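K.L.:
Input file: query_34.csv. Contents: CSV, C-alpha atoms and all ligand atoms.
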chain,number,residue,atom,x,y,z
A,1,MET,CA,0.0,0.0,0.0
A,2,ALA,CA,3.0,2.3,0.2
A,3,GLY,CA,2.7,5.4,-1.9
A,4,MET,CA,-1.1,5.0,-2.2
A,5,GLY,CA,-1.9,8.4,-0.6
A,6,TYR,CA,-1.6,11.7,-2.2
A,7,SER,CA,-2.0,15.3,-1.1
A,8,ARG,CA,-4.9,17.7,-1.9
A,9,VAL,CA,-4.7,21.0,-0.2
A,10,SER,CA,-7.9,23.0,0.0
A,11,HIS,CA,-8.0,26.7,-0.9
A,12,SER,CA,-11.2,27.1,1.1
A,13,PHE,CA,-9.9,26.2,4.6
A,14,GLY,CA,-11.6,28.3,7.2
A,15,TYR,CA,-14.7,29.2,5.2
A,16,LYS,CA,-18.3,28.1,6.0
A,17,MET,CA,-19.4,24.7,4.6
A,18,SER,CA,-21.3,26.4,1.7
A,19,GLN,CA,-17.9,27.9,0.6
A,20,ARG,CA,-15.7,25.0,1.6
A,21,ILE,CA,-17.5,22.4,-0.5
A,22,THR,CA,-16.8,23.3,-4.1
A,23,GLY,CA,-16.8,21.6,-7.5
A,24,HIS,CA,-13.3,20.3,-6.7
A,25,THR,CA,-14.1,18.7,-3.3
A,26,GLU,CA,-13.6,15.0,-3.3
A,27,LEU,CA,-15.9,12.6,-1.6
A,28,ILE,CA,-15.0,9.9,0.9
A,29,GLY,CA,-17.8,7.7,2.2
A,30,LEU,CA,-18.8,5.0,4.7
A,31,ILE,CA,-21.2,2.3,3.7
A,32,ALA,CA,-22.9,0.4,6.5
A,33,ASN,CA,-26.2,-0.2,8.2
A,34,PRO,CA,-27.0,0.9,10.9
A,35,ILE,CA,-24.7,3.9,10.5
A,36,ARG,CA,-26.4,7.2,11.4
A,37,ASN,CA,-24.7,7.3,14.8
A,38,SER,CA,-21.2,6.9,13.3
A,39,LYS,CA,-18.5,9.2,14.7
A,40,SER,CA,-16.3,8.7,11.6
A,41,PRO,CA,-17.7,11.8,9.7
A,42,MET,CA,-16.8,14.1,12.6
A,43,MET,CA,-13.4,12.5,13.0
A,44,HIS,CA,-12.4,12.7,9.3
A,45,ASN,CA,-14.1,16.1,8.5
A,46,THR,CA,-12.3,17.6,11.6
A,47,ALA,CA,-9.0,16.3,10.3
A,48,PHE,CA,-9.7,17.5,6.7
A,49,GLU,CA,-10.5,21.0,8.0
A,50,ALA,CA,-7.5,21.1,10.4
A,51,LEU,CA,-5.1,20.2,7.6
A,52,GLY,CA,-6.9,22.3,4.9
A,53,LEU,CA,-7.6,19.2,2.8
A,54,ASP,CA,-10.3,19.5,0.1
A,55,TYR,CA,-12.4,16.3,1.0
A,56,ALA,CA,-15.8,15.7,2.5
A,57,TYR,CA,-16.7,12.5,4.4
A,58,LEU,CA,-20.3,11.3,4.3
A,59,VAL,CA,-22.1,8.1,5.4
A,60,PHE,CA,-24.5,6.0,3.3
A,61,GLU,CA,-27.0,3.5,4.6
A,62,VAL,CA,-26.1,0.4,2.6
A,63,ASP,CA,-26.5,-3.2,3.5
A,64,ASN,CA,-25.7,-6.5,1.6
A,65,SER,CA,-28.9,-6.1,-0.6
A,66,THR,CA,-27.6,-2.9,-2.2
A,67,LEU,CA,-23.8,-3.3,-1.7
A,68,LYS,CA,-23.0,-4.3,-5.3
A,69,GLU,CA,-24.8,-1.3,-6.7
A,70,ALA,CA,-23.3,1.0,-4.1
A,71,VAL,CA,-19.7,-0.1,-4.9
A,72,ALA,CA,-20.3,0.2,-8.6
A,73,GLY,CA,-21.7,3.7,-8.0
A,74,LEU,CA,-18.8,4.9,-5.9
A,75,ARG,CA,-16.4,3.5,-8.6
A,76,ALA,CA,-18.4,5.3,-11.3
A,77,MET,CA,-18.2,8.5,-9.4
A,78,LYS,CA,-14.5,8.2,-8.9
A,79,VAL,CA,-14.5,8.7,-5.2
A,80,ARG,CA,-11.0,8.7,-3.6
A,81,GLY,CA,-12.0,5.9,-1.2
A,82,PHE,CA,-14.5,4.7,1.4
A,83,ASN,CA,-14.9,2.9,4.7
A,84,VAL,CA,-16.9,-0.3,5.0
A,85,SER,CA,-18.6,-1.4,8.2
A,86,MET,CA,-21.3,-3.9,9.4
A,87,PRO,CA,-22.6,-5.9,7.6
A,88,ASN,CA,-20.5,-5.3,4.5
A,89,LYS,CA,-16.9,-6.0,5.5
A,90,GLY,CA,-16.8,-9.6,4.2
A,91,PRO,CA,-19.2,-9.3,1.3
A,92,VAL,CA,-17.5,-6.2,-0.2
A,93,MET,CA,-14.4,-8.1,-1.0
A,94,GLN,CA,-16.0,-9.7,-4.1
A,95,TYR,CA,-16.6,-6.3,-5.7
A,96,LEU,CA,-13.0,-5.0,-5.3
A,97,ASP,CA,-10.0,-5.3,-7.7
A,98,GLU,CA,-7.3,-6.1,-5.2
A,99,LEU,CA,-6.9,-7.0,-1.5
A,100,THR,CA,-3.9,-6.2,0.8
A,101,PRO,CA,-2.4,-9.0,3.0
A,102,ALA,CA,-4.2,-7.5,6.0
A,103,ALA,CA,-7.6,-7.8,4.3
A,104,LYS,CA,-6.8,-11.3,3.2
A,105,LEU,CA,-5.7,-12.3,6.7
A,106,CYS,CA,-8.9,-10.9,8.2
A,107,GLU,CA,-11.1,-11.9,5.3
A,108,ALA,CA,-12.7,-8.5,5.9
A,109,VAL,CA,-12.2,-5.0,4.5
A,110,ASN,CA,-12.9,-1.7,6.4
A,111,THR,CA,-11.1,0.7,4.0
A,112,VAL,CA,-11.1,1.0,0.2
A,113,VAL,CA,-8.7,3.2,-1.7
A,114,ASN,CA,-9.4,4.2,-5.3
A,115,GLU,CA,-6.0,4.1,-7.2
A,116,ASN,CA,-6.8,5.5,-10.6
A,117,GLY,CA,-10.0,3.4,-11.0
A,118,LYS,CA,-8.6,0.3,-9.2
A,119,LEU,CA,-10.4,-0.3,-5.9
A,120,ILE,CA,-8.0,-1.7,-3.3
A,121,GLY,CA,-9.4,-3.1,-0.1
A,122,THR,CA,-7.5,-3.2,3.2
A,123,ASN,CA,-8.2,-3.6,6.9
A,124,THR,CA,-7.0,-1.1,9.5
A,125,ASP,CA,-9.2,-2.3,12.4
A,126,GLY,CA,-6.5,-4.7,13.9
A,127,LEU,CA,-3.9,-1.9,13.9
A,128,GLY,CA,-6.5,0.4,15.4
A,129,PHE,CA,-7.1,-2.0,18.3
A,130,MET,CA,-3.4,-2.6,19.1
A,131,LEU,CA,-2.5,1.1,18.9
A,132,ALA,CA,-5.5,1.9,21.1
A,133,CYS,CA,-4.2,-0.6,23.7
A,134,LYS,CA,-0.7,0.9,23.5
A,135,SER,CA,-1.8,4.6,23.6
A,136,GLN,CA,-3.8,3.8,26.8
A,137,GLY,CA,-1.1,1.9,28.6
A,138,MET,CA,-2.9,-1.5,28.3
A,139,ASP,CA,0.0,-4.0,27.9
A,140,ILE,CA,-1.1,-7.3,26.5
A,141,ILE,CA,2.1,-8.4,24.7
A,142,GLY,CA,3.2,-11.8,25.9
A,143,LYS,CA,0.0,-12.2,27.9
A,144,LYS,CA,-3.4,-14.0,27.6
A,145,ILE,CA,-6.6,-12.3,26.6
A,146,THR,CA,-10.2,-13.4,26.2
A,147,LEU,CA,-12.0,-12.0,23.1
A,148,LEU,CA,-15.7,-12.1,22.4
A,149,GLY,CA,-16.7,-12.3,18.7
A,150,ALA,CA,-15.6,-13.6,15.4
A,151,GLY,CA,-16.9,-10.9,12.9
A,152,GLY,CA,-14.9,-8.3,11.1
A,153,ALA,CA,-13.7,-6.3,14.1
A,154,ALA,CA,-13.0,-9.4,16.2
A,155,THR,CA,-11.0,-11.1,13.4
A,156,ALA,CA,-8.9,-8.0,12.8
A,157,ALA,CA,-8.2,-7.5,16.5
A,158,CYS,CA,-7.2,-11.1,17.2
A,159,MET,CA,-5.1,-11.5,14.1
A,160,GLN,CA,-3.1,-8.3,14.8
A,161,ALA,CA,-2.8,-9.2,18.5
A,162,ALA,CA,-1.4,-12.6,17.6
A,163,LEU,CA,1.0,-11.1,15.0
A,164,ASP,CA,2.2,-8.5,17.6
A,165,GLY,CA,3.0,-11.0,20.3
A,166,VAL,CA,0.0,-11.7,22.5
A,167,ALA,CA,0.7,-15.1,23.9
A,168,GLU,CA,-2.8,-16.7,24.2
A,169,ILE,CA,-6.3,-15.8,22.9
A,170,SER,CA,-9.5,-17.5,24.1
A,171,ILE,CA,-12.1,-16.7,21.5
A,172,PHE,CA,-15.8,-16.9,22.5
A,173,ASN,CA,-18.7,-16.7,20.0
A,174,GLY,CA,-22.4,-17.4,20.3
A,175,ASN,CA,-24.1,-20.2,18.4
A,176,ASP,CA,-24.6,-18.2,15.2
A,177,SER,CA,-23.2,-18.1,11.7
A,178,PHE,CA,-19.9,-16.5,12.9
A,179,MET,CA,-18.9,-19.6,14.9
A,180,GLU,CA,-17.3,-21.0,11.8
A,181,HIS,CA,-15.1,-17.9,11.5
A,182,ALA,CA,-14.1,-18.3,15.2
A,183,TYR,CA,-12.7,-21.8,14.3
A,184,GLN,CA,-11.0,-20.5,11.2
A,185,ASN,CA,-9.4,-17.6,13.1
A,186,ALA,CA,-8.0,-19.9,15.7
A,187,GLU,CA,-6.7,-22.3,13.1
A,188,ARG,CA,-4.9,-19.5,11.2
A,189,ILE,CA,-3.5,-18.0,14.4
A,190,ASN,CA,-2.2,-21.4,15.6
A,191,ARG,CA,-0.7,-22.1,12.1
A,192,GLN,CA,0.7,-18.7,11.2
A,193,THR,CA,1.8,-17.2,14.5
A,194,SER,CA,3.4,-18.2,17.8
A,195,CYS,CA,0.2,-17.3,19.7
A,196,LYS,CA,-2.0,-20.1,21.0
A,197,ALA,CA,-5.8,-19.7,20.2
A,198,GLN,CA,-8.7,-21.7,21.5
A,199,VAL,CA,-12.5,-21.4,20.7
A,200,PHE,CA,-15.4,-21.8,23.1
A,201,TYR,CA,-19.2,-21.2,22.8
A,202,LEU,CA,-20.4,-18.1,24.7
A,203,GLU,CA,-23.1,-20.3,26.1
A,204,ASP,CA,-20.4,-22.2,28.0
A,205,THR,CA,-20.4,-19.9,31.0
A,206,ASP,CA,-18.1,-22.1,33.1
A,207,ALA,CA,-15.4,-21.8,30.4
A,208,LEU,CA,-16.1,-18.1,30.1
A,209,ARG,CA,-15.5,-17.6,33.8
A,210,ARG,CA,-12.4,-19.8,33.8
A,211,GLU,CA,-10.8,-18.1,30.7
A,212,ILE,CA,-11.5,-14.6,31.9
A,213,GLU,CA,-9.9,-15.5,35.3
A,214,SER,CA,-6.7,-16.5,33.6
A,215,SER,CA,-6.6,-13.5,31.2
A,216,VAL,CA,-5.3,-10.0,31.7
A,217,MET,CA,-7.9,-8.4,29.3
A,218,LEU,CA,-11.4,-9.1,28.3
A,219,VAL,CA,-12.4,-7.7,24.9
A,220,ASN,CA,-15.9,-7.3,23.6
A,221,ALA,CA,-15.5,-7.2,19.8
A,222,THR,CA,-19.1,-8.1,19.0
A,223,GLY,CA,-21.9,-5.8,18.0
A,224,CYS,CA,-23.9,-6.7,21.1
A,225,GLY,CA,-25.0,-3.4,22.7
A,226,PHE,CA,-24.2,-1.3,19.7
A,227,CYS,CA,-26.4,1.7,19.1
A,228,GLN,CA,-28.7,0.8,22.0
A,229,PRO,CA,-29.3,2.4,25.4
A,230,VAL,CA,-27.0,0.7,27.9
A,231,GLY,CA,-28.5,-2.8,28.2
A,232,PRO,CA,-27.5,-6.1,26.7
A,233,CYS,CA,-24.1,-7.6,27.7
A,234,LEU,CA,-22.6,-11.0,26.7
A,235,ILE,CA,-21.2,-11.5,30.3
A,236,PRO,CA,-24.0,-12.8,32.5
A,237,ASP,CA,-23.1,-10.5,35.5
A,238,LYS,CA,-20.2,-8.6,37.0
A,239,SER,CA,-18.9,-11.5,39.1
A,240,TYR,CA,-17.1,-12.5,35.9
A,241,LEU,CA,-14.9,-9.4,36.2
A,242,ARG,CA,-12.2,-8.4,38.7
A,243,SER,CA,-10.5,-5.2,39.6
A,244,ASP,CA,-7.1,-6.0,38.0
A,245,LEU,CA,-8.7,-7.2,34.7
A,246,MET,CA,-8.4,-4.7,31.7
A,247,VAL,CA,-11.7,-4.4,29.8
A,248,PHE,CA,-11.9,-3.2,26.2
A,249,ASP,CA,-15.2,-2.7,24.4
A,250,VAL,CA,-14.8,-1.9,20.7
A,251,ILE,CA,-18.2,-0.2,20.7
A,252,TYR,CA,-18.2,3.6,21.0
A,253,SER,CA,-21.9,4.2,20.6
A,254,PRO,CA,-22.9,4.3,23.4
A,255,MET,CA,-19.6,5.4,24.9
A,256,GLU,CA,-20.3,3.2,27.9
A,257,THR,CA,-21.9,-0.2,27.4
A,258,GLN,CA,-23.2,-2.4,30.2
A,259,LEU,CA,-19.9,-4.2,30.2
A,260,LEU,CA,-18.0,-1.0,30.8
A,261,VAL,CA,-20.4,0.2,33.4
A,262,TRP,CA,-19.7,-3.0,35.4
A,263,ALA,CA,-16.0,-2.8,34.8
A,264,LYS,CA,-15.8,0.8,36.0
A,265,GLU,CA,-17.8,0.0,39.1
A,266,LEU,CA,-15.1,-2.6,39.9
A,267,GLY,CA,-12.3,-0.2,39.2
A,268,CYS,CA,-11.0,-2.0,36.1
A,269,LYS,CA,-8.8,-0.2,33.6
A,270,CYS,CA,-11.2,0.3,30.7
A,271,SER,CA,-11.4,1.4,27.1
A,272,ASN,CA,-14.4,2.0,24.8
A,273,GLY,CA,-14.0,1.9,21.0
A,274,LEU,CA,-13.1,5.5,20.5
A,275,GLU,CA,-9.3,5.3,20.5
A,276,MET,CA,-9.6,2.2,18.3
A,277,MET,CA,-11.7,4.3,15.9
A,278,PHE,CA,-9.2,7.1,15.9
A,279,HIS,CA,-6.3,4.8,15.1
A,280,GLN,CA,-8.0,2.7,12.4
A,281,GLY,CA,-9.3,6.0,11.0
A,282,ALA,CA,-5.9,7.6,11.0
A,283,ALA,CA,-4.5,4.7,9.1
A,284,ALA,CA,-7.2,5.0,6.4
A,285,PHE,CA,-6.8,8.8,6.3
A,286,LYS,CA,-3.1,8.4,5.6
A,287,LEU,CA,-3.9,6.0,2.7
A,288,TRP,CA,-6.5,8.4,1.1
A,289,THR,CA,-4.6,11.7,1.7
A,290,GLY,CA,-0.9,10.8,2.3
A,291,LYS,CA,-1.1,12.9,5.5
A,292,GLU,CA,-1.0,11.9,9.2
A,293,MET,CA,-4.3,12.5,10.9
A,294,PRO,CA,-3.9,15.3,13.6
A,295,LEU,CA,-5.1,13.1,16.4
A,296,ASP,CA,-4.7,15.7,19.1
A,297,VAL,CA,-7.1,18.1,17.3
A,298,VAL,CA,-9.5,15.2,16.7
A,299,ARG,CA,-9.4,14.1,20.4
A,300,GLU,CA,-10.0,17.7,21.5
A,301,VAL,CA,-13.2,18.0,19.4
A,302,PHE,CA,-14.5,14.7,20.7
A,303,LYS,CA,-13.9,15.8,24.3
A,304,GLU,CA,-16.4,18.5,23.9
A,305,LEU,CA,-19.2,16.0,23.0
B,401,LIG,P1,-19.8,-8.3,12.2
B,401,LIG,O1,-21.2,-8.3,11.8
B,401,LIG,O2,-18.7,-8.7,11.3
B,401,LIG,O3,-19.7,-9.3,13.5
B,401,LIG,C1,-20.6,-9.3,14.5
B,401,LIG,C2,-20.1,-10.2,15.7
B,401,LIG,O4,-20.9,-9.8,16.8
B,401,LIG,C3,-20.2,-11.7,15.5
B,401,LIG,O5,-19.2,-12.3,16.2
B,401,LIG,C4,-21.6,-12.0,16.1
B,401,LIG,O6,-21.6,-13.3,16.6
B,401,LIG,C5,-21.6,-11.0,17.3
B,401,LIG,N1,-22.9,-10.6,17.8
B,401,LIG,C6,-23.6,-9.5,17.3
B,401,LIG,N2,-24.7,-9.4,18.1
B,401,LIG,C7,-24.7,-10.4,19.0
B,401,LIG,C8,-25.5,-10.7,20.1
B,401,LIG,N3,-26.6,-10.1,20.3
B,401,LIG,N4,-25.2,-11.8,20.9
B,401,LIG,C9,-24.0,-12.4,20.7
B,401,LIG,N5,-23.2,-12.1,19.7
B,401,LIG,C10,-23.5,-11.1,18.9
B,401,LIG,O7,-19.6,-6.9,12.9
B,401,LIG,P2,-18.2,-6.1,13.0
B,401,LIG,O8,-17.9,-5.3,11.8
B,401,LIG,O9,-17.2,-7.0,13.6
B,401,LIG,O10,-18.6,-5.0,14.2
B,401,LIG,C11,-18.8,-5.4,15.5
B,401,LIG,C12,-18.8,-4.2,16.4
B,401,LIG,O11,-17.6,-3.6,16.4
B,401,LIG,C13,-19.8,-3.1,16.0
B,401,LIG,O12,-20.5,-2.6,17.1
B,401,LIG,C14,-18.9,-2.1,15.4
B,401,LIG,O13,-19.5,-0.8,15.5
B,401,LIG,C15,-17.7,-2.2,16.2
B,401,LIG,N6,-16.5,-1.7,15.6
B,401,LIG,C16,-15.7,-0.8,16.2
B,401,LIG,C17,-14.6,-0.3,15.6
B,401,LIG,C18,-13.8,0.8,16.2
B,401,LIG,O14,-12.9,1.3,15.6
B,401,LIG,N7,-14.0,1.1,17.5
B,401,LIG,C19,-14.1,-0.9,14.4
B,401,LIG,C20,-14.9,-1.9,13.8
B,401,LIG,C21,-16.1,-2.3,14.4
Please render this file's structure as structure tokens.
Ligand code: NAD

P.N.:
Amino acid sequence: MAGMGYSRVSHSFGYKMSQRITGHTELIGLIANPIRNSKSPMMHNTAFEALGLDYAYLVFEVDNSTLKEAVAGLRAMKVRGFNVSMPNKGPVMQYLDELTPAAKLCEAVNTVVNENGKLIGTNTDGLGFMLACKSQGMDIIGKKITLLGAGGAATAACMQAALDGVAEISIFNGNDSFMEHAYQNAERINRQTSCKAQVFYLEDTDALRREIESSVMLVNATGCGFCQPVGPCLIPDKSYLRSDLMVFDVIYSPMETQLLVWAKELGCKCSNGLEMMFHQGAAAFKLWTGKEMPLDVVREVFKEL
């Protein structure tokens, strides 16, 4: 992917939106459903403005039933690139021209770059997860973690964790269509890295309690609780947690899921999905624009929410 980005400096920086968006402004989009609560537009548009880059980032409600037409439309409109989220991360691969090793490893794409008409899919979620751990002082290298989920975000997080030197990963998934992915993820981790991965059903609460007890971090990388008032949680109750457990929820809407409410009550070191979103977004931003995302400016804007 080296050299994929390029620079576009806006001449309208500092003007109102009606003046900033011109006939030259390039579109970058996000296709997913549900998506209206996404924080990605605020993050990317803040960064474009801060650097004076002539792009605009918008979200589009697209699911698997309209995905093919949406990708063809974005290609026809020559957009610079787009993000992909639930439920399109896997299915979108068939409509792209090329996949990076990260996308192939995760079998999921969250970022597409349009290189002169060629749509290249990659995945920055795993990098986002590991950088978010690092930036918040959550040290999991050489240690064991328990991870809930086997979808796009979970796959990216566990693959990058295994590649970066996490020693053991216990993967839990409910009895749904993603269970097969959980077994594939563990098989690939065990074959391709020195990390040891095991798979369990979420319904096996004895195993869940035991694996969390021997882990330094619990990660919720499922969509359970996403875009809902604080409510559902895949952990039956807070007795599964303990004060020296680190708890990471990839969800950032709401900012505090039931899992994080319980973890905070116990005094656990916690992270929601915001830092992960910043870092996965910064990696995509670099590919589209060739520039580093000004993370300090972005974090400051989000503090005011
Ligand atoms: P996906 O559709 O690929 O995977 C969904 C996963 O969640 C599967 O493992 C599925 O079994 C599980 N799941 C969903 N609802 C469940 C429920 N009620 N009970 C048990 N399991 C359930 O989705 P994805 O793209 O991996 O996204 C998952 C979540 O991660 C979403 O909330 C998304 O917003 C979030 N996410 C955050 C970031 C970030 O940067 N913070 C990045 C990517 C995804």

K.L.:
As a quick test: using only C-alpha atoms and all ligand atoms, which residues lie no more than 8 Å away from ligand LIG 401 (chain B)? Give them as a PyMOL selection string.

P.N.:
chain A and resi 85-90+110+125+128-129+148-155+173-179+182+202+221-227+232+234+249-253+272-281

K.L.:
Need to verify the contact set: range 104-106 of chain A, 7 Å, all atoms listed in the file, exclusion of same-chain residues closer than 4 positions in sequence. Can you return it as a ChimeraX atom specification?

P.N.:
/A:99-100,155-156

K.L.:
May I ask for the distance between CA of Trp262 in chain A and CA of Phe200 in chain A, given in Å to one decimal place?

P.N.:
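Taking CA of Trp262 in chain A and CA of Phe200 in chain A, their separation equals 22.9 Å.
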
K.L.:
Any idea what the distance is between CA of Cys133 in chain A and CA of Val247 in chain A?

P.N.:
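Atom-to-atom, CA of Cys133 in chain A to CA of Val247 in chain A, that is 10.4 Å.
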
K.L.:
In Å, how far is it from CA of Arg75 in chain A to CA of Ala157 in chain A?

P.N.:
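So the two atoms, CA of Arg75 in chain A and CA of Ala157 in chain A, lie 28.6 Å apart.
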
K.L.:
If we count all atoms listed in the file and set the cut-off at 10 Å, which residues sit around Asp164 in chain A, ignoring sequence neighbours fewer than 5 positions away in its own chain? Please answer as number ranges by chain.

P.N.:
A: 127, 130, 140-142, 158-159, 193-195

K.L.:
Could you check which of A:Leu131, A:Leu245, A:Cys268, A:Val113 is closest to Lys144 in chain A, using all atoms listed in the file?

P.N.:
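Under the stated criterion, the closest residue is A:Leu245.
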
K.L.:
From the options A:Arg209, A:Arg188, A:Arg20, A:Lys39, which residue's atoms come nearest to Ala162 in chain A, counting only C-alpha atoms?

P.N.:
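Closest to Ala162 in chain A of all the choices is A:Arg188.
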
K.L.:
Near Leu295 in chain A, counting all atoms listed in the file, which residues have an atom at most 8 Å away, once you skip same-chain residues fewer than 4 positions from it, shown as an mmCIF file with C-alpha atoms, in the coordinates of the input?

P.N.:
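Here's the written file part39.cif:
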data_model
loop_
_atom_site.group_PDB
_atom_site.id
_atom_site.type_symbol
_atom_site.label_atom_id
_atom_site.label_comp_id
_atom_site.auth_asym_id
_atom_site.auth_seq_id
_atom_site.Cartn_x
_atom_site.Cartn_y
_atom_site.Cartn_z
ATOM 1 C CA ALA A 47 -9.000 16.300 10.300
ATOM 2 C CA PHE A 278 -9.200 7.100 15.900
ATOM 3 C CA ALA A 282 -5.900 7.600 11.000
ATOM 4 C CA ARG A 299 -9.400 14.100 20.400
#
